[in-house]
>>> print(open('coords_25.cif').read())   # mmCIF, C-alpha atoms
data_coords
loop_
_atom_site.label_atom_id
_atom_site.label_comp_id
_atom_site.auth_asym_id
_atom_site.auth_seq_id
_atom_site.Cartn_x
_atom_site.Cartn_y
_atom_site.Cartn_z
CA MET A 1 29.62 -1.33 -13.85
CA SER A 2 29.96 1.28 -11.17
CA LYS A 3 28.20 0.54 -7.94
CA LEU A 4 26.23 3.78 -8.11
CA VAL A 5 24.81 2.85 -11.53
CA LEU A 6 23.88 -0.59 -10.18
CA GLY A 7 22.03 1.13 -7.31
CA LEU A 8 20.13 3.34 -9.74
CA ILE A 9 19.10 0.37 -11.91
CA THR A 10 18.01 -1.66 -8.88
CA GLY A 11 16.00 1.31 -7.61
CA LEU A 12 14.40 1.94 -10.99
CA ILE A 13 13.08 -1.62 -11.12
CA PHE A 14 12.02 -1.43 -7.46
CA GLY A 15 10.07 1.76 -8.17
CA VAL A 16 8.25 0.24 -11.14
CA LEU A 17 7.41 -2.86 -9.07
CA LEU A 18 6.02 -0.90 -6.11
CA GLN A 19 3.96 1.29 -8.43
CA LYS A 20 2.54 -1.62 -10.44
CA GLY A 21 1.95 -3.51 -7.20
CA ARG A 22 -0.34 -0.65 -6.03
CA VAL A 23 1.42 -0.52 -2.65
CA THR A 24 2.05 3.17 -3.38
CA LYS A 25 -1.69 3.78 -2.88
CA TYR A 26 -2.99 5.24 0.38
CA PRO A 27 -6.18 3.08 0.55
CA VAL A 28 -4.12 -0.07 -0.09
CA ILE A 29 -1.71 0.59 2.79
CA VAL A 30 -4.40 1.67 5.27
CA GLY A 31 -6.66 -1.13 4.00
CA GLN A 32 -4.01 -3.68 5.00
CA PHE A 33 -4.07 -2.53 8.62
CA LEU A 34 -7.88 -2.47 8.60
CA LEU A 35 -7.63 -6.09 7.36
CA ARG A 36 -9.71 -5.33 4.25
CA ASP A 37 -7.00 -5.41 1.58
CA PHE A 38 -4.13 -7.90 1.83
CA THR A 39 -2.03 -6.58 -1.08
CA VAL A 40 0.82 -5.50 1.23
CA MET A 41 0.95 -8.87 2.99
CA LYS A 42 0.81 -10.83 -0.29
CA THR A 43 3.61 -8.75 -1.81
CA MET A 44 5.86 -8.85 1.25
CA LEU A 45 5.48 -12.54 2.07
CA THR A 46 6.07 -13.58 -1.55
CA ALA A 47 9.16 -11.32 -1.74
CA ILE A 48 10.49 -12.81 1.52
CA VAL A 49 10.04 -16.44 0.42
CA VAL A 50 11.36 -15.98 -3.15
CA GLY A 51 14.14 -13.65 -2.00
CA GLY A 52 15.14 -15.89 0.91
CA VAL A 53 15.41 -19.05 -1.20
CA GLY A 54 17.54 -17.25 -3.79
CA VAL A 55 19.81 -15.38 -1.42
CA TYR A 56 20.51 -18.48 0.71
CA THR A 57 21.19 -20.45 -2.51
CA LEU A 58 23.61 -17.78 -3.75
CA ARG A 59 25.27 -17.87 -0.34
CA ALA A 60 25.67 -21.66 -0.51
CA PHE A 61 27.64 -21.16 -3.74
CA GLY A 62 29.73 -18.38 -2.18
CA LEU A 63 28.08 -15.74 -4.39
CA ALA A 64 26.47 -13.68 -1.62
CA THR A 65 27.11 -12.72 1.99
CA LEU A 66 24.38 -12.00 4.51
CA HIS A 67 23.98 -8.55 6.08
CA VAL A 68 21.96 -9.26 9.20
CA LYS A 69 20.95 -6.28 11.35
CA PRO A 70 21.48 -6.67 15.11
CA ALA A 71 18.52 -7.98 17.12
CA GLN A 72 18.36 -5.03 19.52
CA LEU A 73 15.14 -6.40 20.98
CA ALA A 74 14.08 -3.24 22.88
CA ALA A 75 14.91 -0.75 20.11
CA VAL A 76 13.53 -2.88 17.25
CA THR A 77 10.26 -3.54 19.11
CA ALA A 78 9.80 0.09 20.20
CA GLY A 79 10.83 1.36 16.77
CA GLY A 80 8.47 -1.05 15.01
CA LEU A 81 5.54 -0.04 17.25
CA ILE A 82 6.21 3.66 16.57
CA PHE A 83 6.66 2.93 12.86
CA GLY A 84 3.27 1.20 12.69
CA VAL A 85 1.54 4.33 14.05
CA GLY A 86 3.36 6.51 11.51
CA MET A 87 2.60 4.16 8.64
CA VAL A 88 -1.16 4.28 9.30
CA VAL A 89 -1.32 8.03 9.99
CA LEU A 90 0.76 8.88 6.91
CA GLY A 91 -0.64 6.02 4.85
CA TYR A 92 2.72 5.10 3.33
CA CYS A 93 6.05 3.66 4.46
CA PRO A 94 9.33 5.40 3.52
CA GLY A 95 9.84 3.63 0.17
CA THR A 96 6.21 3.68 -0.93
CA GLY A 97 5.86 7.27 0.32
CA ILE A 98 8.75 8.44 -1.88
CA ALA A 99 7.26 6.49 -4.78
CA ALA A 100 3.78 8.00 -4.22
CA ALA A 101 5.32 11.48 -4.01
CA ALA A 102 7.03 10.82 -7.36
CA GLU A 103 3.63 9.83 -8.79
CA GLY A 104 2.39 13.28 -7.78
CA LYS A 105 0.48 12.62 -4.55
CA ILE A 106 0.67 15.76 -2.43
CA ASP A 107 -0.01 14.04 0.92
CA ALA A 108 2.98 11.78 0.22
CA MET A 109 5.21 14.78 -0.62
CA ILE A 110 4.27 16.38 2.70
CA GLY A 111 4.90 13.04 4.38
CA VAL A 112 8.42 12.95 2.91
CA ALA A 113 9.04 16.45 4.32
CA GLY A 114 7.93 15.08 7.70
CA MET A 115 10.37 12.18 7.26
CA PHE A 116 13.25 14.66 6.88
CA VAL A 117 12.24 16.31 10.15
CA GLY A 118 11.94 12.90 11.84
CA ALA A 119 15.48 12.03 10.74
CA ILE A 120 16.87 15.28 12.18
CA VAL A 121 15.06 14.68 15.48
CA TYR A 122 16.44 11.15 15.68
CA ALA A 123 19.99 12.27 14.83
CA ALA A 124 19.79 14.87 17.63
CA LEU A 125 18.70 12.22 20.15
CA TYR A 126 20.98 9.43 18.90
CA GLY A 127 23.68 10.09 21.49
CA PHE A 128 21.18 9.38 24.26
CA PHE A 129 19.68 6.30 22.60
CA SER A 130 23.09 4.79 21.81
CA ASN A 131 23.82 4.50 25.54
CA THR A 132 20.35 3.36 26.56
CA ILE A 133 17.66 1.58 24.54
CA LEU A 134 19.96 0.52 21.69
CA THR A 135 22.06 -1.50 24.14
CA TRP A 136 19.12 -3.14 25.96
CA TYR A 137 18.60 -6.82 25.12
CA ASP A 138 20.94 -6.64 22.14
CA LEU A 139 21.41 -10.21 20.89
CA GLY A 140 23.56 -9.11 17.96
CA PRO A 141 23.02 -10.15 14.32
CA VAL A 142 21.26 -13.47 14.96
CA THR A 143 19.13 -15.39 12.48
CA LEU A 144 16.22 -17.77 13.02
CA PRO A 145 18.25 -20.82 11.85
CA GLN A 146 20.88 -19.98 14.49
CA LEU A 147 18.28 -19.55 17.23
CA ALA A 148 16.38 -22.71 16.33
CA HIS A 149 19.53 -24.76 15.56
CA LEU A 150 17.97 -25.77 12.24
CA PRO A 151 19.28 -25.51 8.68
CA ALA A 152 18.07 -22.40 6.82
CA ALA A 153 16.51 -24.70 4.20
CA VAL A 154 14.12 -26.13 6.83
CA ILE A 155 13.01 -22.67 7.98
CA LEU A 156 12.60 -21.47 4.39
CA ALA A 157 10.56 -24.57 3.49
CA ALA A 158 8.32 -24.06 6.55
CA LEU A 159 7.90 -20.42 5.61
CA ALA A 160 7.00 -21.28 2.00
CA ILE A 161 4.41 -23.84 3.11
CA GLY A 162 3.01 -21.45 5.73
CA ALA A 163 2.72 -18.65 3.16
CA ALA A 164 1.05 -20.96 0.60
CA LEU A 165 -1.54 -22.15 3.16
CA PHE A 166 -2.17 -18.56 4.29
CA PHE A 167 -2.66 -17.38 0.70
CA ARG A 168 -5.08 -20.25 0.03
CA GLN A 169 -7.21 -19.35 3.07
CA LEU A 170 -7.01 -15.69 2.09
CA GLY A 171 -8.22 -16.53 -1.41
CA ARG A 172 -11.25 -18.38 -0.01
CA TRP A 173 -12.06 -15.53 2.35
CA GLU A 174 -11.73 -12.95 -0.42
CA LYS A 175 -14.08 -14.95 -2.65
CA ARG A 176 -16.68 -15.11 0.13
CA SER A 177 -16.51 -11.40 0.92
CA PHE A 178 -16.74 -10.42 -2.76
CA LYS A 179 -19.94 -12.48 -3.13
CA ARG A 180 -21.57 -10.64 -0.25
CA MET B 1 6.46 -3.37 -23.53
CA ARG B 2 2.70 -3.60 -23.16
CA PHE B 3 3.03 -4.83 -19.56
CA LEU B 4 4.56 -1.48 -18.58
CA ARG B 5 1.38 0.23 -19.75
CA MET B 6 -0.76 -1.89 -17.42
CA LYS B 7 -2.05 -0.08 -14.33
CA SER B 8 -1.43 -2.96 -11.96
CA TRP B 9 0.18 -6.37 -11.70
CA SER B 10 -0.69 -9.27 -9.41
CA PRO B 11 0.76 -8.73 -5.91
CA TYR B 12 2.18 -12.26 -6.03
CA ALA B 13 4.04 -11.47 -9.27
CA VAL B 14 5.29 -8.16 -7.87
CA GLY B 15 6.41 -9.89 -4.66
CA ALA B 16 8.26 -12.59 -6.61
CA PHE B 17 10.01 -9.95 -8.74
CA ILE B 18 11.03 -8.00 -5.61
CA GLY B 19 12.48 -11.27 -4.28
CA ILE B 20 14.45 -11.77 -7.51
CA LEU B 21 15.56 -8.13 -7.40
CA SER B 22 16.98 -8.91 -3.94
CA TRP B 23 19.10 -11.70 -5.41
CA PHE B 24 20.43 -9.16 -7.92
CA ALA B 25 21.17 -6.60 -5.16
CA PHE B 26 23.07 -9.14 -3.04
CA PHE B 27 24.89 -10.60 -6.05
CA SER B 28 25.79 -7.40 -7.92
CA ALA B 29 26.40 -4.91 -5.10
CA ASP B 30 26.67 -7.04 -1.93
CA ASN B 31 23.85 -4.94 -0.47
CA PRO B 32 20.35 -5.65 0.80
CA ILE B 33 17.60 -3.33 -0.49
CA GLY B 34 16.79 -0.57 2.02
CA VAL B 35 15.41 2.95 1.96
CA SER B 36 15.39 4.83 5.27
CA THR B 37 19.17 5.22 5.74
CA SER B 38 19.23 7.36 2.59
CA ILE B 39 16.78 9.76 4.20
CA VAL B 40 19.31 10.30 7.01
CA ARG B 41 22.07 10.90 4.44
CA THR B 42 19.87 13.33 2.48
CA VAL B 43 18.97 15.29 5.62
CA GLY B 44 22.66 15.34 6.53
CA MET B 45 23.55 16.78 3.12
CA MET B 46 20.83 19.44 3.48
CA ALA B 47 21.87 20.29 7.06
CA GLU B 48 25.52 20.58 6.00
CA THR B 49 24.64 23.62 3.93
CA VAL B 50 23.20 25.52 6.92
CA ALA B 51 24.94 24.00 9.96
CA PRO B 52 28.15 22.22 8.85
CA ASP B 53 29.61 22.24 12.38
CA TYR B 54 26.58 20.50 13.84
CA VAL B 55 26.66 17.77 11.17
CA SER B 56 30.40 17.15 11.52
CA THR B 57 30.14 16.67 15.30
CA ASN B 58 26.89 14.66 15.40
CA ALA B 59 27.49 10.96 16.13
CA TYR B 60 24.61 9.82 13.91
CA PHE B 61 25.88 11.68 10.85
CA ALA B 62 29.33 10.25 11.61
CA LYS B 63 27.78 6.78 11.42
CA PHE B 64 25.80 7.52 8.26
CA THR B 65 27.97 10.08 6.47
CA PRO B 66 26.02 12.57 4.34
CA ALA B 67 27.10 11.23 0.95
CA VAL B 68 25.65 9.52 -2.10
CA ASP B 69 26.12 5.73 -2.04
CA TRP B 70 24.53 2.65 -3.65
CA GLU B 71 21.44 2.85 -1.46
CA TRP B 72 21.00 6.57 -2.08
CA MET B 73 21.05 5.92 -5.83
CA LEU B 74 18.53 3.13 -5.25
CA VAL B 75 16.13 5.62 -3.65
CA ALA B 76 16.67 8.09 -6.52
CA GLY B 77 15.92 5.26 -8.96
CA LEU B 78 12.87 4.26 -6.93
CA ALA B 79 11.35 7.73 -7.37
CA LEU B 80 12.18 7.74 -11.09
CA GLY B 81 10.80 4.22 -11.60
CA ALA B 82 7.53 5.02 -9.82
CA PHE B 83 7.15 8.22 -11.85
CA VAL B 84 7.82 6.50 -15.19
CA SER B 85 5.54 3.57 -14.33
CA SER B 86 2.62 5.82 -13.36
CA ARG B 87 3.01 7.96 -16.51
CA LEU B 88 3.31 4.98 -18.87
CA SER B 89 0.06 3.53 -17.56
CA GLY B 90 -1.72 6.88 -17.30
CA ASP B 91 -2.34 6.11 -13.63
CA LYS B 92 -3.17 9.64 -12.43
CA PRO B 93 -2.83 10.43 -8.72
CA ALA B 94 -6.09 9.97 -6.83
CA GLU B 95 -7.96 12.86 -5.21
CA PRO B 96 -5.92 14.49 -2.40
CA VAL B 97 -8.04 13.19 0.48
CA GLU B 98 -8.78 9.51 -0.02
CA TYR B 99 -10.89 6.83 1.56
CA PRO B 100 -10.93 5.90 4.47
CA TRP B 101 -9.58 9.23 5.72
CA ARG B 102 -12.34 11.13 3.91
CA ALA B 103 -15.10 8.97 5.39
CA ARG B 104 -13.81 9.51 8.94
CA PHE B 105 -12.34 13.03 8.98
CA GLY B 106 -14.02 14.73 6.03
CA PRO B 107 -12.65 16.35 2.86
CA SER B 108 -10.40 18.98 4.56
CA ARG B 109 -6.99 18.97 2.88
CA THR B 110 -5.39 20.88 5.74
CA LYS B 111 -6.32 18.19 8.25
CA ARG B 112 -5.04 15.40 6.00
CA TYR B 113 -1.77 17.21 5.19
CA LEU B 114 -1.06 17.97 8.86
CA ALA B 115 -1.59 14.31 9.69
CA ALA B 116 0.62 13.26 6.78
CA PHE B 117 3.43 15.51 8.02
CA ALA B 118 3.15 14.25 11.61
CA GLY B 119 2.93 10.68 10.32
CA GLY B 120 6.15 11.16 8.33
CA VAL B 121 8.01 12.46 11.40
CA VAL B 122 6.85 9.52 13.54
CA LEU B 123 7.50 7.01 10.74
CA ILE B 124 11.18 7.85 10.25
CA PHE B 125 11.79 8.24 13.96
CA GLY B 126 10.51 4.68 14.43
CA ALA B 127 12.47 3.38 11.45
CA ARG B 128 15.74 4.82 12.70
CA LEU B 129 15.19 3.60 16.26
CA ALA B 130 14.50 0.11 14.89
CA GLY B 131 17.42 0.38 12.45
CA GLY B 132 15.42 -0.06 9.25
CA CYS B 133 12.02 0.22 7.56
CA THR B 134 9.63 -1.95 5.57
CA SER B 135 12.37 -2.60 3.00
CA GLY B 136 15.53 -2.96 5.10
CA HIS B 137 13.99 -4.86 8.03
CA GLY B 138 10.63 -6.04 6.72
CA ILE B 139 11.73 -7.51 3.38
CA SER B 140 15.55 -7.69 3.30
CA GLY B 141 15.89 -8.61 6.98
CA SER B 142 13.07 -11.15 6.96
CA LEU B 143 14.32 -12.85 3.77
CA GLN B 144 17.72 -13.30 5.43
CA LEU B 145 15.74 -14.91 8.27
CA ALA B 146 17.06 -12.24 10.65
CA LEU B 147 15.39 -12.17 14.06
CA SER B 148 15.45 -8.33 13.88
CA GLY B 149 13.53 -8.37 10.58
CA TRP B 150 10.75 -10.64 11.82
CA LEU B 151 10.47 -8.79 15.13
CA PHE B 152 10.10 -5.50 13.25
CA PHE B 153 7.51 -7.00 10.88
CA ALA B 154 5.43 -8.26 13.83
CA SER B 155 5.71 -5.01 15.82
CA VAL B 156 4.62 -2.91 12.84
CA PHE B 157 1.56 -5.06 12.21
CA VAL B 158 0.50 -5.12 15.87
CA SER B 159 0.67 -1.34 16.27
CA GLY B 160 -0.54 -0.64 12.72
CA ILE B 161 -3.71 -2.70 13.18
CA LEU B 162 -4.38 -1.12 16.60
CA THR B 163 -3.82 2.39 15.21
CA ALA B 164 -5.98 1.76 12.15
CA PHE B 165 -8.95 0.49 14.17
CA LEU B 166 -8.57 3.27 16.78
CA LEU B 167 -8.35 5.92 14.06
CA PHE B 168 -10.97 4.70 11.62
CA GLY B 169 -13.08 2.54 13.92
CA ARG B 170 -14.92 -0.59 12.94
CA GLU B 171 -16.82 1.52 10.38
CA GLY B 172 -13.56 1.99 8.51
CA ALA B 173 -13.34 -1.75 8.05
CA ARG B 174 -16.68 -1.76 6.23
CA ASP B 175 -17.69 -0.21 2.94
#
>>> encode(input="coords_25.cif", output="structure tokens")
Amino acid sequence: MSKLVLGLITGLIFGVLLQKGRVTKYPVIVGQFLLRDFTVMKTMLTAIVVGGVGVYTLRAFGLATLHVKPAQLAAVTAGGLIFGVGMVVLGYCPGTGIAAAAEGKIDAMIGVAGMFVGAIVYAALYGFFSNTILTWYDLGPVTLPQLAHLPAAVILAALAIGAALFFRQLGRWEKRSFKR
Amino acid sequence: MRFLRMKSWSPYAVGAFIGILSWFAFFSADNPIGVSTSIVRTVGMMAETVAPDYVSTNAYFAKFTPAVDWEWMLVAGLALGAFVSSRLSGDKPAEPVEYPWRARFGPSRTKRYLAAFAGGVVLIFGARLAGGCTSGHGISGSLQLALSGWLFFASVFVSGILTAFLLFGREGARD
């Protein structure tokens, strides 16, 4: 099958999942950062654990290669901090914003228009950034197993256990706050 | 296909399916799932129609050529999937100005739309500086156990929580 068709199919399923997962909803996204609604965290952590186990297994059988983005510590930290402000003010991230716009939410459509402008602004400034912040503290495409000198399986197992314990605590806390 | 008519699924189930979808993306197309690069390509394609010389000489558009690729089709599919899912379940869009914005800043649409626009600008600027967004760094990067993915995840939550409490106050955290 052509790669473009594969992309469309993958996206179609992704769109259905985000919509059914309610992460395309403004109060759900903002609620996560106000620590009232943990839908985003539950979805992301589960995806990371399930995805990580599968992708590393595929890789062990030679069926997948990793595509690790460089750890440009300064740019990733600054970009993430800026992104967090944008995500709360808009109330969506890029993927969920496009999905919410497709659902018919006008604030999300306007947000997507803003995203286009943001991309133009960044493209105009890229020449400057590529010689400055993008080169600062660039460790290259490193992974946690490489940094910790541990097998990926150990890190994935620790992550799975950590997520399970976190979800259990979260469940208890949610039960208590619903009773109130 | 009754499950497609449901308005919502458990976040754990959705997360697990996104994880499995990642296996499919790596296996079938040798690509991690990501979204924000396609916004750069789209803007490049739009800018090409008005300022082709600018686009052809800009280093960023040379890096991410304005063309349709696997990830661009993924984003097109994402919009289609979200649309179909919402229509199948009859999940109508909520009122334009939602809680907690409404509780803090009132029902003005203009105010909310201006903020949404500014938020979108800031959001993509941050994503491109970091080299990815919630999907590319947050999910795909973190599941590959990339340092960059986890650093992005942590940075977004730190600034997101600070912004949310500054913007909506402690009142926003209550009903």
>>> interface_residues(input="coords_25.cif", of="chain B", to="chain A", cutoff="6 Å", atoms="only C-alpha atoms", output="ChimeraX atom specification")
/B:8-9,11-12,14-16,18-20,22-23,26-27,35,40,43,60,70,73-75,77-79,81-83,85,93,113,116-117,119-127,129-130,139,143-148,152,155-156,159-161,163-164,173
>>> axis_aligned_box(input="coords_25.cif", around="region 137-146 of chain A", padding_each_side="4 Å", output="AutoDock Vina command-line options")
--center_x 19.9 --center_y -13.7 --center_z 18.5 --size_x 15.3 --size_y 22.2 --size_z 21.3
>>> resolve_selection(input="coords_25.cif", expression="the PyMOL selection byres ((chain B and resi 5) around 10)", output="PyMOL selection string")
(chain A and resi 20) or (chain B and resi 1-4+6-8+85-91)
>>> residues_around(input="coords_25.cif", residues="region 63-69 of chain B", least_positions_apart="5", cutoff="7 Å", atoms="all atoms listed in the file", output="PyMOL selection string")
(chain A and resi 4) or (chain B and resi 41-42+44-45)
>>> atom_distance(input="coords_25.cif", atom1="CA of Gly34 (chain B)", atom2="CA of Trp72 (chain B)")
9.2 Å
>>> atom_distance(input="coords_25.cif", atom1="CA of Pro52 (chain B)", atom2="CA of Arg128 (chain B)")
21.7 Å
>>> atom_distance(input="coords_25.cif", atom1="CA of Glu48 (chain B)", atom2="CA of Phe61 (chain B)")
10.1 Å
>>> resolve_selection(input="coords_25.cif", expression="the PyMOL selection byres ((chain B and resi 97) around 8)", output="PyMOL selection string")
chain B and resi 95-96+98-99+101-102+107-109+112
>>> decode(input="coords_25.cif", residues="region 100-116 of chain A", atoms="N, CA and C atoms", output="PDB file, in the first residue's frame")
ATOM      1  N   ALA A 100     -10.515  19.141  17.212  1.00  0.00           N
ATOM      2  CA  ALA A 100     -11.643  19.918  17.743  1.00  0.00           C
ATOM      3  C   ALA A 100     -12.208  20.845  16.666  1.00  0.00           C
ATOM      4  N   ALA A 101     -11.322  21.411  15.841  1.00  0.00           N
ATOM      5  CA  ALA A 101     -11.775  22.256  14.735  1.00  0.00           C
ATOM      6  C   ALA A 101     -12.628  21.423  13.773  1.00  0.00           C
ATOM      7  N   ALA A 102     -12.201  20.186  13.515  1.00  0.00           N
ATOM      8  CA  ALA A 102     -12.956  19.303  12.619  1.00  0.00           C
ATOM      9  C   ALA A 102     -14.311  18.942  13.213  1.00  0.00           C
ATOM     10  N   GLU A 103     -14.388  18.915  14.555  1.00  0.00           N
ATOM     11  CA  GLU A 103     -15.670  18.652  15.222  1.00  0.00           C
ATOM     12  C   GLU A 103     -16.618  19.838  15.076  1.00  0.00           C
ATOM     13  N   GLY A 104     -16.047  21.020  14.783  1.00  0.00           N
ATOM     14  CA  GLY A 104     -16.873  22.205  14.610  1.00  0.00           C
ATOM     15  C   GLY A 104     -16.706  23.261  15.680  1.00  0.00           C
ATOM     16  N   LYS A 105     -15.670  23.137  16.529  1.00  0.00           N
ATOM     17  CA  LYS A 105     -15.442  24.145  17.566  1.00  0.00           C
ATOM     18  C   LYS A 105     -14.754  25.370  16.955  1.00  0.00           C
ATOM     19  N   ILE A 106     -15.406  26.522  17.089  1.00  0.00           N
ATOM     20  CA  ILE A 106     -14.879  27.725  16.441  1.00  0.00           C
ATOM     21  C   ILE A 106     -13.589  28.204  17.099  1.00  0.00           C
ATOM     22  N   ASP A 107     -13.495  28.132  18.439  1.00  0.00           N
ATOM     23  CA  ASP A 107     -12.261  28.579  19.104  1.00  0.00           C
ATOM     24  C   ASP A 107     -11.062  27.760  18.608  1.00  0.00           C
ATOM     25  N   ALA A 108     -11.288  26.465  18.339  1.00  0.00           N
ATOM     26  CA  ALA A 108     -10.200  25.623  17.846  1.00  0.00           C
ATOM     27  C   ALA A 108      -9.813  26.010  16.412  1.00  0.00           C
ATOM     28  N   MET A 109     -10.827  26.359  15.590  1.00  0.00           N
ATOM     29  CA  MET A 109     -10.527  26.790  14.207  1.00  0.00           C
ATOM     30  C   MET A 109      -9.661  28.041  14.227  1.00  0.00           C
ATOM     31  N   ILE A 110     -10.016  28.987  15.102  1.00  0.00           N
ATOM     32  CA  ILE A 110      -9.236  30.222  15.216  1.00  0.00           C
ATOM     33  C   ILE A 110      -7.837  29.900  15.749  1.00  0.00           C
ATOM     34  N   GLY A 111      -7.773  28.944  16.664  1.00  0.00           N
ATOM     35  CA  GLY A 111      -6.477  28.505  17.183  1.00  0.00           C
ATOM     36  C   GLY A 111      -5.595  27.933  16.080  1.00  0.00           C
ATOM     37  N   VAL A 112      -6.187  27.157  15.160  1.00  0.00           N
ATOM     38  CA  VAL A 112      -5.418  26.585  14.056  1.00  0.00           C
ATOM     39  C   VAL A 112      -4.891  27.707  13.156  1.00  0.00           C
ATOM     40  N   ALA A 113      -5.707  28.744  12.931  1.00  0.00           N
ATOM     41  CA  ALA A 113      -5.232  29.900  12.159  1.00  0.00           C
ATOM     42  C   ALA A 113      -4.028  30.532  12.859  1.00  0.00           C
ATOM     43  N   GLY A 114      -4.100  30.649  14.181  1.00  0.00           N
ATOM     44  CA  GLY A 114      -2.971  31.163  14.959  1.00  0.00           C
ATOM     45  C   GLY A 114      -1.740  30.278  14.797  1.00  0.00           C
ATOM     46  N   MET A 115      -1.966  28.957  14.737  1.00  0.00           N
ATOM     47  CA  MET A 115      -0.836  28.025  14.565  1.00  0.00           C
ATOM     48  C   MET A 115      -0.111  28.295  13.241  1.00  0.00           C
ATOM     49  N   PHE A 116      -0.875  28.578  12.192  1.00  0.00           N
ATOM     50  CA  PHE A 116      -0.249  28.884  10.890  1.00  0.00           C
ATOM     51  C   PHE A 116       0.653  30.112  11.024  1.00  0.00           C
TER      52      PHE A 116
END
